[in-house]
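Data from input.csv: CSV, C-alpha atoms
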chain,number,residue,atom,x,y,z
A,1,MET,CA,115.6,106.3,72.1
A,2,ASN,CA,117.5,107.5,75.1
A,3,THR,CA,117.0,105.3,78.2
A,4,VAL,CA,119.7,106.8,80.5
A,5,LYS,CA,119.0,105.7,84.0
A,6,ILE,CA,117.5,108.4,86.2
A,7,ASN,CA,118.5,108.6,89.9
A,8,TYR,CA,115.0,108.9,91.4
A,9,LYS,CA,116.4,109.2,94.9
A,10,ASN,CA,117.7,112.7,94.0
A,11,LEU,CA,115.3,115.3,95.3
A,12,TYR,CA,115.2,117.1,91.9
A,13,PHE,CA,114.3,114.0,89.9
A,14,PRO,CA,111.0,112.4,91.1
A,15,PRO,CA,109.5,110.0,88.5
A,16,GLY,CA,107.7,112.3,86.1
A,17,GLY,CA,109.9,115.2,86.8
A,18,ILE,CA,109.9,118.0,89.4
A,19,LEU,CA,107.8,120.4,87.3
A,20,MET,CA,105.1,117.8,86.8
A,21,TRP,CA,105.1,117.1,90.5
A,22,ILE,CA,104.7,120.8,91.3
A,23,ILE,CA,101.7,120.9,89.0
A,24,ILE,CA,100.3,117.7,90.7
A,25,PHE,CA,100.6,119.3,94.1
A,26,LEU,CA,99.0,122.5,93.0
A,27,GLU,CA,96.1,120.5,91.5
A,28,LEU,CA,95.6,118.3,94.5
A,29,ILE,CA,95.6,121.4,96.8
A,30,THR,CA,93.1,123.2,94.6
A,31,PHE,CA,90.7,120.3,94.3
A,32,GLY,CA,91.3,119.5,98.0
A,33,MET,CA,90.3,123.0,99.1
A,34,ALA,CA,87.2,122.8,97.0
A,35,LEU,CA,86.3,119.4,98.6
A,36,ILE,CA,86.8,120.8,102.1
A,37,ALA,CA,84.5,123.8,101.2
A,38,PHE,CA,82.0,121.2,99.9
A,39,ALA,CA,82.2,119.3,103.2
A,40,ILE,CA,81.7,122.6,105.2
A,41,TYR,CA,78.5,123.4,103.2
A,42,GLY,CA,77.5,119.8,103.6
A,43,SER,CA,77.8,120.0,107.4
A,44,GLU,CA,75.6,123.1,107.4
A,45,GLU,CA,72.8,121.6,105.1
A,46,PRO,CA,73.1,117.8,105.7
A,47,SER,CA,69.6,116.9,104.5
A,48,LEU,CA,69.9,118.9,101.3
A,49,PHE,CA,73.2,117.3,100.6
A,50,HIS,CA,71.8,113.8,101.4
A,51,GLN,CA,68.8,114.3,99.1
A,52,SER,CA,71.0,115.7,96.3
A,53,ARG,CA,73.6,112.9,96.7
A,54,LEU,CA,70.8,110.3,96.2
A,55,GLN,CA,70.1,111.9,92.8
A,56,LEU,CA,73.6,110.9,91.7
A,57,ASN,CA,74.1,107.5,90.2
A,58,SER,CA,76.9,106.0,92.3
A,59,THR,CA,77.1,103.0,90.0
A,60,PHE,CA,78.1,105.3,87.2
A,61,GLY,CA,80.7,106.8,89.6
A,62,ALA,CA,82.0,103.4,90.6
A,63,VAL,CA,82.2,102.2,87.0
A,64,ASN,CA,84.0,105.4,86.0
A,65,THR,CA,86.5,104.8,88.9
A,66,VAL,CA,87.1,101.3,87.5
A,67,PHE,CA,87.7,102.8,84.0
A,68,LEU,CA,90.2,105.3,85.4
A,69,LEU,CA,92.0,102.8,87.6
A,70,THR,CA,92.2,100.3,84.7
A,71,SER,CA,93.5,103.0,82.5
A,72,GLY,CA,96.1,103.9,85.1
A,73,PHE,CA,97.2,100.3,85.4
A,74,PHE,CA,97.8,100.1,81.6
A,75,MET,CA,99.7,103.4,81.8
A,76,ALA,CA,102.0,102.0,84.5
A,77,ASN,CA,102.6,99.0,82.2
A,78,ALA,CA,103.3,101.3,79.2
A,79,VAL,CA,106.0,103.1,81.1
A,80,HIS,CA,107.5,99.7,82.3
A,81,GLU,CA,107.6,98.3,78.7
A,82,PHE,CA,109.1,101.6,77.4
A,83,LYS,CA,111.9,101.3,79.9
A,84,GLU,CA,112.4,97.7,78.7
A,85,LYS,CA,112.6,99.1,75.2
A,86,ASN,CA,109.5,97.1,74.1
A,87,LEU,CA,108.1,99.9,72.0
A,88,LYS,CA,105.3,98.0,70.4
A,89,LYS,CA,104.0,96.6,73.7
A,90,SER,CA,104.3,100.1,75.2
A,91,SER,CA,102.3,101.6,72.4
A,92,LEU,CA,99.6,98.9,72.8
A,93,TYR,CA,99.4,99.8,76.5
A,94,PHE,CA,99.2,103.5,75.6
A,95,LYS,CA,96.2,102.7,73.4
A,96,LEU,CA,94.5,100.7,76.1
A,97,THR,CA,95.1,103.6,78.5
A,98,MET,CA,93.4,105.9,76.0
A,99,LEU,CA,90.5,103.5,75.7
A,100,GLY,CA,90.0,103.7,79.4
A,101,GLY,CA,90.0,107.5,79.2
A,102,VAL,CA,87.5,107.5,76.3
A,103,LEU,CA,85.1,105.1,78.1
A,104,PHE,CA,85.3,107.5,81.2
A,105,LEU,CA,84.3,110.4,78.9
A,106,ILE,CA,81.4,108.5,77.3
A,107,LEU,CA,80.0,107.4,80.7
A,108,LYS,CA,80.4,110.9,82.1
A,109,SER,CA,78.6,112.4,79.1
A,110,ILE,CA,75.7,110.0,79.6
A,111,GLU,CA,75.6,111.0,83.3
A,112,TYR,CA,75.6,114.7,82.4
A,113,TYR,CA,72.9,114.1,79.8
A,114,HIS,CA,70.6,112.4,82.4
A,115,LYS,CA,71.3,115.3,84.9
A,116,ILE,CA,70.5,118.0,82.3
A,117,GLU,CA,67.4,116.0,81.1
A,118,SER,CA,66.2,116.0,84.8
A,119,GLY,CA,66.6,119.7,85.0
A,120,ILE,CA,69.7,119.5,87.4
A,121,THR,CA,72.0,122.3,86.5
A,122,ILE,CA,74.7,124.3,88.2
A,123,ASP,CA,72.0,126.7,89.6
A,124,SER,CA,70.0,123.9,91.2
A,125,ASN,CA,71.6,124.1,94.7
A,126,THR,CA,75.0,124.3,96.4
A,127,PHE,CA,75.6,120.5,96.1
A,128,PHE,CA,75.1,120.6,92.3
A,129,ALA,CA,77.1,123.8,91.9
A,130,PHE,CA,80.0,121.9,93.4
A,131,TYR,CA,79.2,118.7,91.5
A,132,TRP,CA,79.2,120.5,88.1
A,133,LEU,CA,82.3,122.6,88.8
A,134,LEU,CA,84.4,119.8,90.3
A,135,THR,CA,83.5,117.0,87.8
A,136,GLY,CA,83.7,119.6,84.9
A,137,PHE,CA,87.2,120.7,85.8
A,138,HIS,CA,88.2,117.1,86.3
A,139,LEU,CA,86.8,116.2,82.9
A,140,ILE,CA,88.9,119.0,81.3
A,141,HIS,CA,92.0,117.4,82.8
A,142,VAL,CA,91.0,114.0,81.4
A,143,VAL,CA,90.6,115.5,77.9
A,144,MET,CA,93.9,117.3,78.3
A,145,GLY,CA,95.5,114.0,79.4
A,146,LEU,CA,94.2,112.2,76.4
A,147,VAL,CA,95.7,114.8,74.1
A,148,ILE,CA,99.1,114.4,75.9
A,149,LEU,CA,98.8,110.6,75.6
A,150,VAL,CA,98.0,110.7,71.8
A,151,TRP,CA,100.9,113.1,71.3
A,152,THR,CA,103.4,111.1,73.3
A,153,ASN,CA,102.4,107.8,71.7
A,154,HIS,CA,102.7,109.4,68.2
A,155,GLY,CA,106.1,110.8,69.1
A,156,MET,CA,107.6,107.6,70.5
A,157,MET,CA,106.5,105.5,67.5
A,158,LYS,CA,108.0,107.8,64.9
A,159,ASN,CA,111.2,106.8,63.1
A,160,ASN,CA,114.3,108.3,64.8
A,161,SER,CA,112.1,109.1,67.8
A,162,ASP,CA,113.7,111.4,70.4
A,163,THR,CA,111.2,110.5,73.0
A,164,GLU,CA,113.0,109.8,76.3
A,165,VAL,CA,112.0,107.9,79.4
A,166,ALA,CA,111.5,111.2,81.2
A,167,ASP,CA,108.9,112.3,78.6
A,168,VAL,CA,106.9,109.1,78.9
A,169,GLU,CA,107.1,109.3,82.7
A,170,ALA,CA,105.9,113.0,82.7
A,171,CYS,CA,103.0,112.0,80.4
A,172,ALA,CA,102.1,109.1,82.8
A,173,ALA,CA,102.4,111.3,85.9
A,174,PHE,CA,99.8,113.7,84.3
A,175,TRP,CA,97.4,110.8,83.5
A,176,HIS,CA,97.8,109.3,87.0
A,177,MET,CA,97.1,112.8,88.5
A,178,CYS,CA,93.6,112.5,86.9
A,179,ASP,CA,93.2,109.2,88.8
A,180,LEU,CA,94.3,110.8,92.1
A,181,ILE,CA,91.9,113.7,91.8
A,182,TRP,CA,89.0,111.3,90.9
A,183,LEU,CA,89.9,109.1,93.9
A,184,LEU,CA,89.2,112.1,96.1
A,185,LEU,CA,86.1,113.4,94.2
A,186,PHE,CA,84.3,110.0,93.9
A,187,PRO,CA,83.8,109.2,97.6
A,188,VAL,CA,83.1,112.8,98.7
A,189,LEU,CA,80.5,113.6,95.9
A,190,TYR,CA,78.9,110.2,95.3
A,191,LEU,CA,79.2,108.2,98.6
A,192,ILE,CA,79.4,109.9,101.9
A,193,PHE,CA,76.5,112.4,102.2
B,194,MET,CA,103.2,93.1,82.6
B,195,LYS,CA,104.5,93.4,86.1
B,196,LYS,CA,103.0,91.1,88.7
B,197,THR,CA,103.1,93.8,91.5
B,198,LEU,CA,101.2,96.2,89.2
B,199,LEU,CA,98.5,93.5,88.6
B,200,LEU,CA,98.2,92.7,92.4
B,201,ASN,CA,97.9,96.4,93.2
B,202,TYR,CA,95.3,96.8,90.4
B,203,GLY,CA,93.3,93.9,91.9
B,204,LEU,CA,93.4,95.5,95.3
B,205,LEU,CA,92.2,98.9,93.9
B,206,ILE,CA,89.2,97.3,92.2
B,207,ILE,CA,88.3,95.4,95.3
B,208,LEU,CA,88.5,98.6,97.4
B,209,THR,CA,86.4,100.5,94.9
B,210,VAL,CA,83.6,97.8,94.7
B,211,THR,CA,83.6,97.5,98.5
B,212,THR,CA,83.2,101.3,99.1
B,213,ALA,CA,80.4,101.5,96.5
B,214,PHE,CA,78.7,98.5,98.1
B,215,LEU,CA,79.1,100.1,101.6
B,216,SER,CA,77.5,103.3,100.3
B,217,ASN,CA,74.6,101.6,98.4
B,218,TYR,CA,73.6,98.8,100.7
B,219,THR,CA,74.1,100.1,104.2
B,220,SER,CA,72.6,103.1,105.9
B,221,ILE,CA,75.3,105.8,105.9
B,222,THR,CA,76.6,105.8,109.4
B,223,ASN,CA,79.7,107.6,110.6
B,224,VAL,CA,81.6,104.3,110.7
B,225,ALA,CA,80.7,103.7,107.0
B,226,VAL,CA,81.8,107.2,106.1
B,227,ASN,CA,85.1,106.8,107.9
B,228,LEU,CA,85.7,103.4,106.2
B,229,ILE,CA,84.9,104.8,102.7
B,230,LEU,CA,87.3,107.8,103.2
B,231,VAL,CA,90.1,105.7,104.7
B,232,ALA,CA,89.7,103.2,101.8
B,233,SER,CA,89.9,106.0,99.3
B,234,ALA,CA,93.0,107.4,101.0
B,235,PHE,CA,94.5,103.9,100.8
B,236,LYS,CA,93.7,103.8,97.0
B,237,PHE,CA,95.3,107.2,96.6
B,238,ILE,CA,98.5,106.0,98.2
B,239,ILE,CA,98.6,102.8,96.1
B,240,VAL,CA,98.2,104.8,92.8
B,241,ALA,CA,100.8,107.4,93.9
B,242,PHE,CA,103.4,104.9,95.3
B,243,GLN,CA,103.0,102.0,92.9
B,244,PHE,CA,101.6,103.3,89.6
B,245,MET,CA,103.4,106.6,89.7
B,246,GLU,CA,106.5,104.9,91.2
B,247,LEU,CA,106.8,107.4,94.0
B,248,LYS,CA,108.2,104.5,96.1
B,249,LYS,CA,111.5,105.0,94.2
B,250,ALA,CA,111.5,108.8,94.9
B,251,ASN,CA,113.3,110.9,97.5
B,252,ALA,CA,111.6,110.7,100.9
B,253,PHE,CA,110.6,114.4,100.6
B,254,TRP,CA,108.1,113.5,97.8
B,255,LYS,CA,106.7,110.6,99.7
B,256,VAL,CA,106.1,112.5,102.9
B,257,SER,CA,104.7,115.5,100.9
B,258,VAL,CA,102.1,113.4,99.2
B,259,ILE,CA,101.0,111.7,102.4
B,260,PHE,CA,100.9,115.1,104.2
B,261,VAL,CA,98.7,116.7,101.4
B,262,LEU,CA,96.4,113.7,101.5
B,263,PHE,CA,96.2,114.0,105.3
B,264,LEU,CA,95.4,117.8,105.0
B,265,ILE,CA,92.5,117.0,102.6
B,266,ILE,CA,91.0,114.0,104.3
B,267,THR,CA,91.2,115.0,108.0
B,268,PRO,CA,89.0,118.1,107.8
B,269,ILE,CA,86.4,116.2,105.7
B,270,LEU,CA,86.4,113.4,108.2
B,271,LEU,CA,86.0,115.8,111.1
B,272,LEU,CA,83.2,117.8,109.4
B,273,ILE,CA,81.2,114.7,108.5
B,274,ASN,CA,81.6,113.1,112.0
B,275,ASN,CA,80.6,116.3,113.8
B,276,SER,CA,77.5,117.1,111.5

Could you express the structure from this file as C-alpha coordinates?
Amino acid sequence: MNTVKINYKNLYFPPGGILMWIIIFLELITFGMALIAFAIYGSEEPSLFHQSRLQLNSTFGAVNTVFLLTSGFFMANAVHEFKEKNLKKSSLYFKLTMLGGVLFLILKSIEYYHKIESGITIDSNTFFAFYWLLTGFHLIHVVMGLVILVWTNHGMMKNNSDTEVADVEACAAFWHMCDLIWLLLFPVLYLIF
Amino acid sequence: MKKTLLLNYGLLIILTVTTAFLSNYTSITNVAVNLILVASAFKFIIVAFQFMELKKANAFWKVSVIFVLFLIITPILLLINNS
(Lines of atoms letter the chains of each structure in order from A and count residues from 1; the text may use other names and numbers.)
(Lines give C-alpha, C1' and ligand atoms only; values in the text may rest on other atoms or scores of the structure.)
Protein backbone atom coordinates (compact mmCIF):
# COMPACT_ATOMS: atom_id res chain seq x y z
CA MET A 1 0.00 0.00 0.00
CA ASN A 2 1.49 3.32 -1.07
CA THR A 3 0.71 6.11 1.38
CA VAL A 4 3.05 8.79 0.03
CA LYS A 5 2.01 12.19 1.36
CA ILE A 6 0.22 14.33 -1.21
CA ASN A 7 0.72 18.10 -1.21
CA TYR A 8 -2.93 19.19 -1.35
CA LYS A 9 -1.98 22.87 -1.45
CA ASN A 10 -0.64 22.31 -4.95
CA LEU A 11 -3.23 23.55 -7.46
CA TYR A 12 -2.99 20.28 -9.44
CA PHE A 13 -3.57 17.93 -6.48
CA PRO A 14 -6.91 18.66 -4.76
CA PRO A 15 -8.08 15.77 -2.49
CA GLY A 16 -9.60 13.26 -4.93
CA GLY A 17 -7.54 14.40 -7.89
CA ILE A 18 -7.91 17.15 -10.46
CA LEU A 19 -9.83 15.00 -12.99
CA MET A 20 -12.41 14.01 -10.38
CA TRP A 21 -12.87 17.67 -9.44
CA ILE A 22 -13.37 18.63 -13.08
CA ILE A 23 -16.13 15.98 -13.23
CA ILE A 24 -17.61 17.27 -9.95
CA PHE A 25 -17.76 20.83 -11.29
CA LEU A 26 -19.33 19.70 -14.58
CA GLU A 27 -21.96 17.71 -12.69
CA LEU A 28 -22.72 20.55 -10.28
CA ILE A 29 -23.08 23.04 -13.14
CA THR A 30 -25.33 20.66 -15.13
CA PHE A 31 -27.64 19.90 -12.19
CA GLY A 32 -27.47 23.57 -11.13
CA MET A 33 -28.65 24.78 -14.55
CA ALA A 34 -31.53 22.29 -14.47
CA LEU A 35 -32.52 23.51 -10.99
CA ILE A 36 -32.46 27.15 -12.16
CA ALA A 37 -34.68 26.17 -15.14
CA PHE A 38 -36.98 24.39 -12.65
CA ALA A 39 -37.17 27.58 -10.53
CA ILE A 40 -37.94 29.67 -13.66
CA TYR A 41 -40.89 27.39 -14.54
CA GLY A 42 -41.90 27.44 -10.88
CA SER A 43 -42.04 31.23 -10.84
CA GLU A 44 -44.28 31.13 -13.95
CA GLU A 45 -46.70 28.51 -12.53
CA PRO A 46 -46.45 28.87 -8.73
CA SER A 47 -49.78 27.20 -7.88
CA LEU A 48 -49.12 24.15 -10.10
CA PHE A 49 -45.67 23.74 -8.55
CA HIS A 50 -47.07 24.14 -5.04
CA GLN A 51 -49.80 21.53 -5.61
CA SER A 52 -47.29 19.16 -7.20
CA ARG A 53 -44.75 19.66 -4.43
CA LEU A 54 -47.42 18.72 -1.86
CA GLN A 55 -47.76 15.34 -3.62
CA LEU A 56 -44.13 14.56 -2.79
CA ASN A 57 -43.34 12.92 0.53
CA SER A 58 -40.85 15.33 2.14
CA THR A 59 -40.30 12.85 5.02
CA PHE A 60 -38.95 10.35 2.46
CA GLY A 61 -36.75 13.13 1.08
CA ALA A 62 -35.45 14.09 4.54
CA VAL A 63 -34.77 10.46 5.53
CA ASN A 64 -32.94 9.92 2.23
CA THR A 65 -30.85 13.02 2.99
CA VAL A 66 -29.96 11.51 6.38
CA PHE A 67 -29.02 8.21 4.65
CA LEU A 68 -26.71 9.98 2.22
CA LEU A 69 -25.14 12.25 4.86
CA THR A 70 -24.55 9.25 7.17
CA SER A 71 -23.05 7.37 4.26
CA GLY A 72 -20.81 10.37 3.47
CA PHE A 73 -19.73 10.52 7.13
CA PHE A 74 -18.66 6.86 7.00
CA MET A 75 -16.88 7.49 3.70
CA ALA A 76 -14.84 10.32 5.24
CA ASN A 77 -13.92 7.97 8.12
CA ALA A 78 -12.96 5.22 5.65
CA VAL A 79 -10.48 7.59 3.95
CA HIS A 80 -9.12 8.67 7.35
CA GLU A 81 -8.57 5.05 8.48
CA PHE A 82 -6.99 4.13 5.14
CA LYS A 83 -4.47 6.96 5.57
CA GLU A 84 -3.75 5.64 9.09
CA LYS A 85 -3.13 2.21 7.47
CA ASN A 86 -6.04 0.62 9.40
CA LEU A 87 -7.27 -1.39 6.44
CA LYS A 88 -9.81 -3.50 8.34
CA LYS A 89 -11.45 -0.44 9.90
CA SER A 90 -11.39 1.34 6.58
CA SER A 91 -13.09 -1.62 4.92
CA LEU A 92 -15.74 -1.69 7.66
CA TYR A 93 -16.47 2.00 7.02
CA PHE A 94 -16.60 1.28 3.28
CA LYS A 95 -19.29 -1.33 3.94
CA LEU A 96 -21.27 1.07 6.16
CA THR A 97 -20.99 3.66 3.39
CA MET A 98 -22.44 1.16 0.92
CA LEU A 99 -25.24 0.30 3.36
CA GLY A 100 -26.24 3.99 3.41
CA GLY A 101 -26.29 4.02 -0.39
CA VAL A 102 -28.38 0.84 -0.57
CA LEU A 103 -30.89 2.22 1.97
CA PHE A 104 -31.15 5.36 -0.16
CA LEU A 105 -31.91 3.23 -3.24
CA ILE A 106 -34.53 1.17 -1.38
CA LEU A 107 -36.38 4.25 -0.08
CA LYS A 108 -36.17 5.94 -3.49
CA SER A 109 -37.63 2.81 -5.11
CA ILE A 110 -40.53 2.84 -2.62
CA GLU A 111 -41.11 6.53 -3.40
CA TYR A 112 -41.05 5.87 -7.16
CA TYR A 113 -43.45 2.93 -6.70
CA HIS A 114 -45.95 5.15 -4.85
CA LYS A 115 -45.69 7.82 -7.55
CA ILE A 116 -46.24 5.35 -10.40
CA GLU A 117 -49.13 3.72 -8.49
CA SER A 118 -50.75 7.18 -8.14
CA GLY A 119 -50.40 7.73 -11.89
CA ILE A 120 -47.68 10.38 -11.52
CA THR A 121 -45.32 10.01 -14.46
CA ILE A 122 -42.84 12.14 -16.39
CA ASP A 123 -45.77 13.36 -18.58
CA SER A 124 -47.94 14.51 -15.65
CA ASN A 125 -46.75 18.14 -15.67
CA THR A 126 -43.60 20.31 -15.81
CA PHE A 127 -42.87 19.82 -12.10
CA PHE A 128 -42.91 16.03 -12.35
CA ALA A 129 -40.96 16.02 -15.63
CA PHE A 130 -38.14 17.75 -13.72
CA TYR A 131 -38.70 15.54 -10.66
CA TRP A 132 -38.29 12.30 -12.61
CA LEU A 133 -35.35 13.52 -14.69
CA LEU A 134 -33.37 15.10 -11.84
CA THR A 135 -33.93 12.35 -9.26
CA GLY A 136 -33.47 9.67 -11.96
CA PHE A 137 -30.10 11.05 -13.10
CA HIS A 138 -29.05 11.40 -9.47
CA LEU A 139 -30.07 7.78 -8.83
CA ILE A 140 -27.84 6.63 -11.71
CA HIS A 141 -24.93 8.48 -10.06
CA VAL A 142 -25.62 6.71 -6.74
CA VAL A 143 -25.68 3.29 -8.47
CA MET A 144 -22.43 4.16 -10.26
CA GLY A 145 -20.94 5.33 -6.94
CA LEU A 146 -21.88 2.03 -5.31
CA VAL A 147 -20.13 0.10 -8.09
CA ILE A 148 -16.98 2.23 -7.58
CA LEU A 149 -17.17 1.65 -3.79
CA VAL A 150 -17.47 -2.14 -4.18
CA TRP A 151 -14.60 -2.16 -6.69
CA THR A 152 -12.28 0.01 -4.55
CA ASN A 153 -13.03 -1.91 -1.35
CA HIS A 154 -12.39 -5.21 -3.14
CA GLY A 155 -9.12 -3.84 -4.59
CA MET A 156 -7.75 -2.53 -1.31
CA MET A 157 -8.45 -5.76 0.59
CA LYS A 158 -6.63 -7.99 -1.92
CA ASN A 159 -3.25 -9.46 -0.99
CA ASN A 160 -0.43 -7.29 -2.41
CA SER A 161 -2.97 -4.54 -3.07
CA ASP A 162 -1.71 -1.63 -5.17
CA THR A 163 -4.56 0.65 -4.06
CA GLU A 164 -3.16 4.07 -3.14
CA VAL A 165 -4.49 6.92 -1.02
CA ALA A 166 -5.24 8.86 -4.21
CA ASP A 167 -7.48 5.98 -5.46
CA VAL A 168 -9.48 5.87 -2.23
CA GLU A 169 -9.78 9.67 -2.22
CA ALA A 170 -11.02 9.71 -5.83
CA CYS A 171 -13.63 7.05 -4.95
CA ALA A 172 -14.67 9.10 -1.89
CA ALA A 173 -14.87 12.33 -3.94
CA PHE A 174 -17.29 10.67 -6.39
CA TRP A 175 -19.45 9.40 -3.53
CA HIS A 176 -19.50 12.80 -1.82
CA MET A 177 -20.48 14.36 -5.15
CA CYS A 178 -23.74 12.37 -4.93
CA ASP A 179 -24.27 14.01 -1.50
CA LEU A 180 -23.57 17.47 -2.90
CA ILE A 181 -26.03 17.06 -5.78
CA TRP A 182 -28.72 15.69 -3.44
CA LEU A 183 -28.18 18.60 -1.02
CA LEU A 184 -29.22 20.90 -3.89
CA LEU A 185 -32.06 18.71 -5.22
CA PHE A 186 -33.75 18.00 -1.88
CA PRO A 187 -34.67 21.58 -0.83
CA VAL A 188 -35.59 22.76 -4.33
CA LEU A 189 -37.78 19.76 -5.27
CA TYR A 190 -39.27 18.81 -1.87
CA LEU A 191 -39.35 21.92 0.30
CA ILE A 192 -39.54 25.39 -1.18
CA PHE A 193 -42.51 25.50 -3.61
CA MET B 1 -13.26 8.04 14.03
CA LYS B 2 -12.35 11.70 13.94
CA LYS B 3 -14.14 13.97 16.42
CA THR B 4 -14.40 16.86 13.94
CA LEU B 5 -16.14 14.58 11.42
CA LEU B 6 -18.62 13.50 14.10
CA LEU B 7 -19.35 17.11 15.09
CA ASN B 8 -19.89 18.12 11.47
CA TYR B 9 -22.12 15.10 10.90
CA GLY B 10 -24.24 16.10 13.92
CA LEU B 11 -24.56 19.64 12.56
CA LEU B 12 -25.62 18.31 9.12
CA ILE B 13 -28.35 16.14 10.66
CA ILE B 14 -29.64 19.02 12.81
CA LEU B 15 -29.78 21.31 9.74
CA THR B 16 -31.59 18.62 7.69
CA VAL B 17 -34.22 18.00 10.37
CA THR B 18 -34.68 21.76 10.89
CA THR B 19 -35.25 22.47 7.19
CA ALA B 20 -37.71 19.56 6.86
CA PHE B 21 -39.54 20.82 9.96
CA LEU B 22 -39.61 24.39 8.59
CA SER B 23 -41.16 23.15 5.36
CA ASN B 24 -43.72 20.80 6.94
CA TYR B 25 -44.93 22.74 9.94
CA THR B 26 -44.87 26.36 8.86
CA SER B 27 -46.60 28.08 5.96
CA ILE B 28 -43.99 28.54 3.27
CA THR B 29 -43.14 32.23 3.46
CA ASN B 30 -40.24 33.88 1.66
CA VAL B 31 -38.35 33.96 4.97
CA ALA B 32 -38.75 30.18 5.38
CA VAL B 33 -37.63 29.58 1.78
CA ASN B 34 -34.57 31.78 2.28
CA LEU B 35 -33.70 29.97 5.53
CA ILE B 36 -34.08 26.53 3.89
CA LEU B 37 -31.85 27.46 0.95
CA VAL B 38 -29.20 29.13 3.11
CA ALA B 39 -29.15 26.09 5.42
CA SER B 40 -28.78 23.82 2.38
CA ALA B 41 -25.90 25.95 1.08
CA PHE B 42 -24.27 25.69 4.51
CA LYS B 43 -24.65 21.88 4.45
CA PHE B 44 -23.11 21.81 0.98
CA ILE B 45 -20.08 23.75 2.25
CA ILE B 46 -19.67 21.44 5.29
CA VAL B 47 -19.68 18.32 3.07
CA ALA B 48 -17.26 19.88 0.55
CA PHE B 49 -14.82 21.37 3.05
CA GLN B 50 -14.92 18.77 5.85
CA PHE B 51 -15.93 15.41 4.33
CA MET B 52 -14.18 16.00 0.99
CA GLU B 53 -11.26 17.71 2.78
CA LEU B 54 -11.39 20.73 0.49
CA LYS B 55 -10.17 22.76 3.49
CA LYS B 56 -6.70 21.32 2.75
CA ALA B 57 -6.81 22.20 -0.96
CA ASN B 58 -5.43 25.16 -2.87
CA ALA B 59 -7.51 28.36 -2.49
CA PHE B 60 -8.52 28.09 -6.16
CA TRP B 61 -10.67 25.01 -5.44
CA LYS B 62 -12.23 26.49 -2.32
CA VAL B 63 -13.18 29.73 -4.09
CA SER B 64 -14.43 27.83 -7.17
CA VAL B 65 -16.80 25.62 -5.13
CA ILE B 66 -18.23 28.60 -3.25
CA PHE B 67 -18.56 30.53 -6.54
CA VAL B 68 -20.46 27.68 -8.27
CA LEU B 69 -22.72 27.27 -5.23
CA PHE B 70 -23.40 31.03 -5.30
CA LEU B 71 -24.20 30.84 -9.05
CA ILE B 72 -26.78 28.11 -8.41
CA ILE B 73 -28.43 29.34 -5.20
CA THR B 74 -28.67 33.10 -5.97
CA PRO B 75 -30.89 32.87 -9.10
CA ILE B 76 -33.16 30.37 -7.33
CA LEU B 77 -33.47 32.68 -4.31
CA LEU B 78 -34.21 35.69 -6.56
CA LEU B 79 -36.81 33.78 -8.61
CA ILE B 80 -38.62 32.45 -5.54
CA ASN B 81 -38.62 35.81 -3.76
CA ASN B 82 -39.96 37.64 -6.83
CA SER B 83 -42.71 35.14 -7.73

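Each of A:Leu183, A:Ile18, A:Leu28, A:Leu69 was checked against Leu199 of chain B using all atoms listed in the file; the smallest atom-to-atom distance is that of A:Leu69.
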
Leu139 of chain A environment, 12 Å, all atoms listed in the file, sequence neighbours closer than 5 positions dropped, as an MDAnalysis selection string: chainID A and resid 64 68 101:102 104:109 112 131:134 144:146 175 178:179 181:182 185

Nearest candidate to Phe260 of chain B (options B:Ala234, B:Val226, B:Leu200, B:Val240; using all atoms listed in the file): B:Ala234

Tell me, counting all atoms listed in the file, for each residue of chain B within 6 Å of chain A, which pair of atoms is nearest and how far apart they are in Å to one decimal, in rows ordered by chain and increasing number, as CSV.
residue,atom,partner,partner_atom,distance
B:Met194,CA,A:Asn77,CA,5.9
B:Ser216,CA,A:Leu191,CA,5.5
B:Val226,CA,A:Ile192,CA,5.5
B:Phe237,CA,A:Leu180,CA,5.8
B:Phe244,CA,A:Ala76,CA,5.3
B:Lys249,CA,A:Tyr8,CA,5.9
B:Ala250,CA,A:Lys9,CA,4.9
B:Asn251,CA,A:Lys9,CA,4.4
B:Ile265,CA,A:Gly32,CA,5.4
B:Ile269,CA,A:Ala39,CA,5.8
B:Ser276,CA,A:Ser43,CA,5.0

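With atom CA of Ile207 of chain B on one side and atom CA of Phe128 of chain A on the other, the separation reads 28.6 Å.
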
Point-to-point distance in Å for atom CA of Ile266 of chain B and atom CA of Asn227 of chain B: 10.0 Å

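In this structure, atom CA of Thr211 of chain B sits 20.5 Å away from atom CA of Gln55 of chain A.
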
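Among the candidates A:Met157, A:Phe94, A:Glu164, A:Asn86, the one nearest to Ile6 of chain A when counting all atoms listed in the file is A:Glu164.
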
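Using all atoms listed in the file, the shortest contact distance between Val168 of chain A and any of A:Phe137, A:Tyr113, A:Phe130, A:Phe82 is found at A:Phe82.
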
Ile259 of chain B environment, 9 Å, only C-alpha atoms, sequence neighbours closer than 5 positions dropped, as a PyMOL selection string: chain B and resi 238+254+264

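Minimum atom-to-atom distance to Lys195 of chain B, evaluated using only C-alpha atoms, belongs to B:Gln243 out of B:Gln243, B:Val231, B:Asn274, B:Ala213.
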
Minimum-distance residue to Lys236 of chain B, chosen among B:Thr197, B:Asn275, B:Thr212, B:Val261 (using all atoms listed in the file): B:Thr212
